[in-house]
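Data first, discussion second: the structure below is written as structure tokens.
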Amino acid sequence: MISDFAYLKPGSMKEALQMLKEHEEECKVICGGQSLLVIMRQGLVSPEYVISIKQLKDANYLKYDAKSGLRIGATCTHRTLEHSSMAKKEYPVLVEMEEKLASIQVRNWGTVAGNLAHGDPAGDPAPVLIAMGASVKLGSAGGERVVPLDEFYPDLFETVMNHDELIVEIQVPPRPAKTATKYQKFNLLDSDMGLIGVAVTTTMDGDKCKDARVVLGSAAPTVVRAKAAEKVLIGAKLSDSVFEKAGEAAAAECSPVSDIHASEEYRRHLVKILTKRMAKAACEQAKISG
Amino acid sequence: MEKKVLTLNVNNQDYELYINPKTLLVEAIRDYINLTGTKRGCDTVSCGACTVMVDGMAVKACSVLAMQCEGMKIVTSEGLEVDGKLAPIQKAFLDEGAFQCGFCTSGMLMSAMAFIKETKGKPTEMQIREGIEGNICRCTGYNSIVRAIDAVVKGKYAEGKK
Amino acid sequence: MNRYTVINPHSKFTVINTHVHNVDGIAKVTGRATYTFDVVLPGMLYGKILRSPHPHAKIKGIDYSKAMALPGVKAVATGNDTIGAKQGIWRRYKDLCDEQLLTIDKVRYIGEPVAAVAAVTEEIAEKALELIDVDYEVLPATYEPLDAIKKDAPEIHEGFERNINVTRHIEWGDVDEGFAEADYIREDWFRCGGQAHMCMETRAAVSSYTPDGKLTIYHSNQSPYYMQGLMAGVMGMREGDIRVISPYVGGGFGGKFELDGAIFATAVLSKKCMKPVKIVFTREEDFIASKRRTPMFYYTRTGVKKDGTFLCREAKVFTNGGAYTGMGATALYLTGFFHSFPYVWQKGYRYDGYRVYTNTLPSTSMRGFGAPQAMWCSEQQIEWIAADLKLDPIEMRRKNSHYEGYEVPGQATIASCGINQCYDEIRKWIDSKGKLPKGHAIGLSACGFMSGGIFNWFDTPYSFSSAVITINQDGTVELNVGAQDIGQGSNTTMAIICAETLGCKLEDVKVHSSDTDYNPADLGAWGSRQTLMSGNAVKRAAEDAKKQLLEFAYAHSGLNIIYDLDIKDRWVHSVSRPERGWPYEEIVRKALRGKGGQRIMGRGFYTPYRKGMISPAYSYMLQGVEVEVDEETGKIKLCDSMTAHDCGQPINHLGLIGQLEGAFSMAAGYGYLEYMPYEDGKLMNPNLVDYKMIRAPEMPPANIAEIDTYEPEGPYGAKEAGEGLTNPTAAAIGNALFKLFGIQIKECPIRPEMVVNALKEKKAKTGK
């Protein structure tokens with residue numbers, strides 16, 4: 001059961017941050033609440049104050065320009081990103097990822113920023129955004145700071161945010177030339193969270209891979225980069241055996257759990273297969289891209 | 001804990017409620033406004049039986065704070081018919097037998113409505129299936145529901161047709 | 001999107017098997033239908049159940065004084081507030097009545113109700129649970145049937161040696177002689193998982209005990225009559241002082257025709273505080289504490305001739321009964337019986353079933369009633385035998401199948417059987433698909449199922465089904481049945497049969513069901529019995545009413561004795577000269593006058609007599625499922641399916657399609673999705689995130705070829721179409737994997753990891 005709380009409805013982000021500072025550890029910020037309400041119902045968190053930012057229209061934006069890239073506002077929903085023709089053109093992998101996230105109902109109300117703040121290693125946005133070198137801008141009453149997303153998660157369901165901070169913006173750099181990101185998760189049902197998720201970004205130079213990021217979801221307590229797999233790809237000339245080796249490297253360096261859905265061994269096997277497939281898909285897409 | 005006054009617009013009618021702010025939208029609709037068409041079937045935002053439309057978007061009312069819905073237009077299954085005339089999707093559900101026990105039906109109708117409203121042109125069968133992915137039905141196996149939605153988007157129930 | 005074709009349709013009907021709307025449709029599609037989940041009574045309290053955290057423990061004492069002191073709490077009840085009756089649905093056999101719904105001495109599974117609280121809000125009731133102190137003496141527990149039967153295993157029920165709850169033996173012919181003659185013998189062990197009913201409406205009840213000593217209960221169930229009878233037993237009351245009402249029911253699937261914690265706890269609480277009390281299970285409670293499909297261990301040994309003639313089969317089955325019997329005794333028998341279906345065993349068949357108590361959630365009936373498990377094993381082994389002998393699997397099945405007139409020795413007479421044509425239709429479908437894409441294969445599975453059971457284990461003195469029809473002066477009809485609509489559409493089916501028989505229009509018929517104060521007794525919706533049994537009662541009642549109407553019509557008509565009359569579509573007419581007739585309403589009014597102002601009433605009832613050991617009639621089918629498998633990950637995708645199906649005469653057209661598609665989705669879940677793992681007696685995935693339910697994108701087309709036959713025992717030739725369709729799919733999926741890779745998966749549900757491991761094993765053994 002959800003325990004009682006005082007409900008606060010700030011009129012601006014500034015006011016919200018001020019409230020956050022005032023109530024610090026006794027409060028939680030709610031926008032869509034698609035993750036928050038579940039853990040509140042389970043009794044895992046019982047904040048004294050809940051600060052709603054859903055009504056902050058100024059924070060609801062999705063902007064792009066060729067120089068600074070994509071900026072996703074704090075209260076921008078998954079569905080807005082999913083339906084954005086701009087995103088489909090510039091960052092198609094984000095749209096593909098959103099199409100398979102949870103359910104339409106959850107995407108209509110929940111936010112990308114909220115998803116990142118929740119910190120579930122099985123979540124979809126984080127691996128894709130980390131693979132694209134994204135960062136989050138954290139706001140507080142005292143100012144702002146930008147944290148690269150691959151430094152954002154120190155542990156399971158934990159972020160580096162202080163109690164008086166919230167994600168005010170997600171920043172995705174412009175896509176470099178000859179670069180593509182591909183993402184796939186393995187699940188039994190189409191929009192379930194993945195048993196394993198793999199996002200790969202590669203930048204190509206002719207037939208050679210110039211740069212790569214391999215990011216794993218559900219393969220460790222946090223979303224992690226498979227750096228050994230990246231090393232296999234970087235500088236390598238495209239071939240099926242390279243992709244196989246990258247898969248094997250990723251499988252060896254991650255630390256998945258055994259649970260009722262899959263054994264550790266099978267999860268590693270899935271990391272191997274998905275990394276191989278996504279690396280190949282990313283390279284092929286990058287080669288033909290502008 | 002301070003109770004709050006809240007005005008919710010449901011099925012084109014304003015209701016003034018005096019509630020604990022932790023009240024979920026589904027609780028406001030069912031327990032305070034007494035519209036029991038919308039159901040609950042889980043605690044993990046999984047089943048979709050609580051789906052309603054908020055400003056034309058399908059949402060799971062078990063996972064929305066009522067307080068956040070002030071000023072928005074909420075529609076439930078009770079609000080689909082207009083002056084006693086069934087909406088096309090309701091007629092289609094009857095024609096296809098797209099329900100059995102009926103417990104998921106209100107939520108399913110709202111997901112279907114939202115999908116139909118949002119979709120331009122003729123969706124593929126898989127797009128229709130994805131449109132109701134957030135709703136579990138234990139009875140029908142979904143195919144009759146997909147046929148009903150398909151019939152509506154193909155114009156079978158358009159004004160002027162029998 | 002779906003293909004539905006009818007093979008040799010016979011009989012033209014006015015209402016039967018036409019496309020009509022469900023009679024409850026308007027209520028359900030407009031949000032008007034109310035369920036027990038929605039019931040609110042004046043002064044009602046909210047209840048919560050305290051459940052055992054231990055799989056096996058003695059209860060030394062319960063102190064709930066602190067809970068009672070919490071403001072808002074109005075009553076706390078424990079087993080000591082009850083008469084301590086041990087109940088069970090097999091009332092005829094006292095040793096199978098082993099369950100106190102608020103246990104007194106011992107808990108036997110995690111989640112078993114120990115106490116219950118009624119308070120002014122649900123939140124207060126939940127807080128009060130934490131204030132109840134239960135002093136447990138934890139006992140060693142046992143979780144698997146093959147462990148629980150060991151000599152040193154902890155005793156779960158006193159007097160049940162080796163924890164063996166029930167045994168069943170089915171035998172005919174001489175199996176040993178058969179094995180001696182066999183050219184080829186194959187034996188296999190299988191494991192069949194459990195499954196949750198996962199009704200969209202969880203268990204729910206509102207009980208109101210009033211100072212006149214009467215109990216009114218609103219309850220989501222499959223048989224108000226069973227609830228009335230069972231509650232009388234556990235409350236120490238007369239049946240007639242208990243009223244059970246089922247508002248619309250949000251699904252049952254075999255899990256809701258026994259007493260549950262909700263109905264019992266609310267009644268006991270209400271009696272204690274004289275206020276209505278409501279309990280609705282959370283989804284988690286529903287997973288943890290409402291009985292599940294029976295997990296089984298199957299050993300099956302089959303002897304055949306090299307030309308594929310089935311000589312004999314011997315099966316030994318251990319089922320995980322969990323802590324109490326429930327409907328497990330019936331499932332134990334039916335699994336053994338249907339494991340022989342749909343085949344003739346030339347020399348003999350022998351089945352021994354052992355239902356074993358364990359300290360886990362009791363298992364019970366679930367759609368298919370032991371047959372999905374039976375077919376998982378049988379139909380896969382049969383496919384493997386065909387492959388071993390290099391025989392065509394369809395032709396091998398065909399030469400051994402049941403036929404009209406066949407007598408299963410000592411068990412059943414098959415009065416109608418369309419399975420032969422089912423084989424033709426599936427062959428046609430497979431041929432029409434041509435060469436399948438890479439990674440695709442079609443798996444087959446045959447089966448048959450009962451149309452209701454003949455056994456009176458409930459020990460009722462009433463006929464199994466009854467109906468009363470009353471005709472109003474305007475020709476509208478009050479159809480009063482005990483048959484329960486749980487979503488399968490029985491209200492509509494009964495109305496169709498009534499309208500067709502009586503000769504009125506479907507919209508003239510108002511169906512009254514689901515209230516024991518007003519409806520005749522009916523055993524309810526289980527075992528796929530209602531179309532045949534309740535349908536027969538309705539047909540007889542309608543014939544009775546029509547006969548009375550026609551008596552007046554004959555008098556009114558003045559026709560020569562050689563002319564007979566009938567009623568069709570509200571037209572009373574001469575059969576040979578249908579244009580000569582009178583409006584039905586006119587005859588109704590004349591009949592009313594002739595009877596001194598009394599409405600015509602027709603009564604009908606049905607109980608099966610001399611119909612063997614199991615059922616009066618059997619459905620048959622062959623199903624083909626096309627799957628696509630990702631060889632590297634083992635992920636299974638269902639692409640297409642065709643079921644050639646014989647249910648005699650379909651009555652409710654939309655209802656039949658709905659049953660087939662719905663059963664397929666549930667059976668597919670059993671085959672490859674709905675994994676229900678327990679660890680040390682604890683269910684590991686009691687929620688809809690971790691328990692995988694098939695959704696719209698995963699559901700393939702469920703094409704139907706409906707083979708019409710005529711079942712003499714059924715109304716208009718009808719037999720079941722509700723459960724049989726849950727039986728074949730798991731085996732069909734397994735057989736598709738065998739076709740594709742040559743792997744033999746012996747445990748269901750099939751998970752991708754199992755496929756990958758099987759492929760690895762095969763590669764290691766054979767190098768490919």
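Please note that chains go A, B, ... in the order of the structure tokens, that every chain numbers its residues from 1, and that ligands are numbered from 1 in the order shown.
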Interface list for chain A, partner chain C, 12 Å threshold, only C-alpha atoms, as a PDB file with C-alpha atoms, in the first residue's frame:
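File part20.pdb, as written:
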ATOM      1  CA  MET A   1       0.000   0.000   0.000  1.00  0.00           C
ATOM      2  CA  ILE A   2       1.156   3.503  -0.776  1.00  0.00           C
ATOM      3  CA  SER A   3       1.723   5.454   2.426  1.00  0.00           C
ATOM      4  CA  ASP A   4       0.415   8.969   2.917  1.00  0.00           C
ATOM      5  CA  VAL A  38       5.114   0.647  -8.296  1.00  0.00           C
ATOM      6  CA  ARG A  41       2.991   0.481  -3.655  1.00  0.00           C
ATOM      7  CA  GLN A  42       5.456  -2.245  -2.715  1.00  0.00           C
ATOM      8  CA  LYS A 100       9.348  -1.880 -27.776  1.00  0.00           C
ATOM      9  CA  ALA A 102       6.769  -1.476 -21.854  1.00  0.00           C
ATOM     10  CA  SER A 103       3.341  -0.658 -23.311  1.00  0.00           C
ATOM     11  CA  LYS A 185      16.850  -7.047 -26.240  1.00  0.00           C
ATOM     12  CA  PHE A 186      15.997 -10.695 -25.789  1.00  0.00           C
ATOM     13  CA  ASN A 187      12.616 -11.436 -24.297  1.00  0.00           C
ATOM     14  CA  LEU A 188       9.803 -13.957 -24.554  1.00  0.00           C
ATOM     15  CA  LEU A 189       7.118 -11.322 -25.023  1.00  0.00           C
ATOM     16  CA  ASP A 190       7.478  -8.440 -27.405  1.00  0.00           C
ATOM     17  CA  SER A 191       7.705  -5.511 -25.023  1.00  0.00           C
ATOM     18  CA  ASP A 192       8.955  -7.201 -21.865  1.00  0.00           C
ATOM     19  CA  MET A 193      12.152  -5.927 -20.366  1.00  0.00           C
ATOM     20  CA  GLY A 194      15.042  -7.881 -21.765  1.00  0.00           C
ATOM     21  CA  LEU A 195      16.656 -10.910 -20.205  1.00  0.00           C
ATOM     22  CA  ILE A 196      19.648  -9.301 -21.868  1.00  0.00           C
ATOM     23  CA  ASP A 259      17.284 -16.417 -11.853  1.00  0.00           C
ATOM     24  CA  ILE A 260      14.039 -18.137 -12.737  1.00  0.00           C
ATOM     25  CA  HIS A 261      14.109 -16.658 -16.230  1.00  0.00           C
ATOM     26  CA  ALA A 262      17.562 -17.766 -17.253  1.00  0.00           C
ATOM     27  CA  SER A 263      20.786 -19.224 -15.919  1.00  0.00           C
ATOM     28  CA  GLU A 264      23.967 -17.189 -15.880  1.00  0.00           C
ATOM     29  CA  GLU A 265      25.329 -19.461 -18.597  1.00  0.00           C
ATOM     30  CA  TYR A 266      22.389 -18.827 -20.900  1.00  0.00           C
ATOM     31  CA  ARG A 267      22.527 -15.084 -20.287  1.00  0.00           C
ATOM     32  CA  ARG A 268      26.170 -15.086 -21.300  1.00  0.00           C
ATOM     33  CA  HIS A 269      25.194 -17.061 -24.383  1.00  0.00           C
ATOM     34  CA  LEU A 270      22.581 -14.422 -25.226  1.00  0.00           C
ATOM     35  CA  VAL A 271      25.118 -11.627 -24.726  1.00  0.00           C
ATOM     36  CA  LYS A 272      27.371 -13.415 -27.166  1.00  0.00           C
ATOM     37  CA  ILE A 273      24.676 -13.837 -29.809  1.00  0.00           C
ATOM     38  CA  LEU A 274      23.146 -10.389 -29.467  1.00  0.00           C
ATOM     39  CA  LYS A 276      27.525 -10.445 -32.549  1.00  0.00           C
ATOM     40  CA  ARG A 277      24.273  -9.529 -34.264  1.00  0.00           C
TER      41      ARG A 277
END
Mind dumping a table of every chain A residue within 12 Å of chain B, with the nearest atom pair and its distance in Å to one decimal, using only C-alpha atoms, sorted by chain and rising number, as a tab-separated table?
residue	atom	partner	partner_atom	distance
A:Met1	CA	B:Asp43	CA	10.0
A:Ile2	CA	B:Lys22	CA	7.1
A:Ser3	CA	B:Lys22	CA	7.7
A:Asp4	CA	B:Met1	CA	6.2
A:Phe5	CA	B:Met1	CA	5.9
A:Ala6	CA	B:Met1	CA	5.6
A:Tyr7	CA	B:Pro21	CA	6.2
A:Leu8	CA	B:Pro21	CA	9.6
A:Lys9	CA	B:Gln68	CA	9.1
A:Ile30	CA	B:Leu65	CA	9.4
A:Cys31	CA	B:Gln68	CA	8.9
A:Gly32	CA	B:Val64	CA	7.1
A:Gly33	CA	B:Ser63	CA	6.9
A:Gln34	CA	B:Ser63	CA	6.0
A:Ser35	CA	B:Ser63	CA	8.7
A:Leu36	CA	B:Ser63	CA	9.0
A:Leu37	CA	B:Ser63	CA	6.3
A:Val38	CA	B:Thr44	CA	6.3
A:Ile39	CA	B:Thr44	CA	9.3
A:Met40	CA	B:Lys22	CA	10.1
A:Arg41	CA	B:Asp43	CA	8.0
A:Gln42	CA	B:Asp43	CA	8.9
A:Ser46	CA	B:Lys22	CA	11.3
A:Pro47	CA	B:Lys22	CA	11.3
A:Glu48	CA	B:Met1	CA	8.8
A:Tyr49	CA	B:Met1	CA	9.5
A:Val50	CA	B:Lys22	CA	9.3
A:Ile51	CA	B:Gln68	CA	11.0
A:Ser52	CA	B:Gln68	CA	7.8
A:Ile53	CA	B:Gln68	CA	9.3
A:Lys54	CA	B:Gln68	CA	7.1
A:Gln55	CA	B:Gln68	CA	7.5
A:Leu56	CA	B:Gln68	CA	11.2
A:Thr77	CA	B:Met57	CA	11.7
A:Arg79	CA	B:Met57	CA	9.8
A:Thr80	CA	B:Met57	CA	11.5
A:His83	CA	B:Glu118	CA	10.7
A:Glu99	CA	B:Glu130	CA	9.2
A:Lys100	CA	B:Glu130	CA	9.3
A:Leu101	CA	B:Gly134	CA	10.5
A:Ala102	CA	B:Gly134	CA	7.7
A:Ser103	CA	B:Gly134	CA	4.8
A:Ile104	CA	B:Gly134	CA	6.4
A:Gln105	CA	B:Val59	CA	4.2
A:Val106	CA	B:Val59	CA	6.5
A:Arg107	CA	B:Val59	CA	8.4
A:Asn108	CA	B:Met57	CA	6.4
A:Trp109	CA	B:Val59	CA	6.6
A:Gly110	CA	B:Val64	CA	9.5
A:Leu189	CA	B:Glu133	CA	9.7
A:Asp190	CA	B:Glu133	CA	8.4
A:Ser191	CA	B:Glu133	CA	8.0
A:Asp192	CA	B:Ser46	CA	9.9
A:Met193	CA	B:Ser46	CA	11.9
Requested write-out: C-alpha atoms of the selected residues, as an mmCIF file, in the first residue's frame:
data_model
loop_
_atom_site.group_PDB
_atom_site.id
_atom_site.type_symbol
_atom_site.label_atom_id
_atom_site.label_comp_id
_atom_site.auth_asym_id
_atom_site.auth_seq_id
_atom_site.Cartn_x
_atom_site.Cartn_y
_atom_site.Cartn_z
ATOM 1 C CA MET A 1 0.000 0.000 0.000
ATOM 2 C CA ILE A 2 1.156 3.503 -0.776
ATOM 3 C CA SER A 3 1.723 5.454 2.426
ATOM 4 C CA ASP A 4 0.415 8.969 2.917
ATOM 5 C CA PHE A 5 2.370 11.939 1.624
ATOM 6 C CA ALA A 6 2.032 15.671 1.214
ATOM 7 C CA TYR A 7 1.532 16.600 -2.434
ATOM 8 C CA LEU A 8 3.419 19.547 -3.823
ATOM 9 C CA LYS A 9 2.768 21.138 -7.178
ATOM 10 C CA ILE A 30 7.067 12.318 -9.673
ATOM 11 C CA CYS A 31 6.420 12.966 -13.320
ATOM 12 C CA GLY A 32 4.849 9.923 -14.965
ATOM 13 C CA GLY A 33 5.424 7.770 -11.916
ATOM 14 C CA GLN A 34 5.397 4.582 -13.982
ATOM 15 C CA SER A 35 8.267 3.209 -11.920
ATOM 16 C CA LEU A 36 7.859 5.297 -8.769
ATOM 17 C CA LEU A 37 4.261 4.336 -8.032
ATOM 18 C CA VAL A 38 5.114 0.647 -8.296
ATOM 19 C CA ILE A 39 7.911 0.815 -5.729
ATOM 20 C CA MET A 40 5.785 3.043 -3.502
ATOM 21 C CA ARG A 41 2.991 0.481 -3.655
ATOM 22 C CA GLN A 42 5.456 -2.245 -2.715
ATOM 23 C CA SER A 46 7.631 6.052 1.576
ATOM 24 C CA PRO A 47 8.421 9.725 0.982
ATOM 25 C CA GLU A 48 6.818 12.374 3.187
ATOM 26 C CA TYR A 49 6.559 14.740 0.227
ATOM 27 C CA VAL A 50 5.906 14.045 -3.417
ATOM 28 C CA ILE A 51 6.762 16.817 -5.827
ATOM 29 C CA SER A 52 4.940 16.610 -9.138
ATOM 30 C CA ILE A 53 6.663 18.056 -12.175
ATOM 31 C CA LYS A 54 4.169 16.678 -14.726
ATOM 32 C CA GLN A 55 2.528 20.067 -15.034
ATOM 33 C CA LEU A 56 5.751 21.874 -16.011
ATOM 34 C CA THR A 77 7.276 11.345 -22.515
ATOM 35 C CA ARG A 79 5.598 8.496 -26.672
ATOM 36 C CA THR A 80 6.708 11.952 -27.789
ATOM 37 C CA HIS A 83 6.390 9.604 -32.559
ATOM 38 C CA GLU A 99 8.449 1.166 -29.849
ATOM 39 C CA LYS A 100 9.348 -1.880 -27.776
ATOM 40 C CA LEU A 101 9.355 -0.235 -24.370
ATOM 41 C CA ALA A 102 6.769 -1.476 -21.854
ATOM 42 C CA SER A 103 3.341 -0.658 -23.311
ATOM 43 C CA ILE A 104 1.712 2.231 -25.126
ATOM 44 C CA GLN A 105 -0.068 3.238 -21.936
ATOM 45 C CA VAL A 106 3.208 3.449 -20.026
ATOM 46 C CA ARG A 107 4.868 5.354 -22.867
ATOM 47 C CA ASN A 108 2.019 7.867 -22.966
ATOM 48 C CA TRP A 109 2.479 8.900 -19.383
ATOM 49 C CA GLY A 110 6.033 7.951 -18.382
ATOM 50 C CA LEU A 189 7.118 -11.322 -25.023
ATOM 51 C CA ASP A 190 7.478 -8.440 -27.405
ATOM 52 C CA SER A 191 7.705 -5.511 -25.023
ATOM 53 C CA ASP A 192 8.955 -7.201 -21.865
ATOM 54 C CA MET A 193 12.152 -5.927 -20.366
#
Tell me, as a PyMOL selection string, which residues lie within 6 Å of stretch 94-105 of chain B, counting only C-alpha atoms; anything in the same chain fewer than 5 positions away does not count. (chain B and resi 49+144-145+148) or (chain C and resi 21+28+250-251+486-488+654)
Between atom CA of C:Thr531 and atom CA of C:Val511 lies a distance of 14.7 Å
**Asked** Which residues of chain C are close to chain B, meaning at most 8 Å apart when you count only C-alpha atoms, and how do they look as an MDAnalysis selection string?
**Response** chainID C and resid 1:2 20:22 25:26 28:34 38 198:202 248:251 282:284 486:489 654:655 658:659 661:666 687:689 693:697 699 701:702
Computed gap from atom CA of C:Leu215 to atom CA of C:Asp241 is 6.4 Å
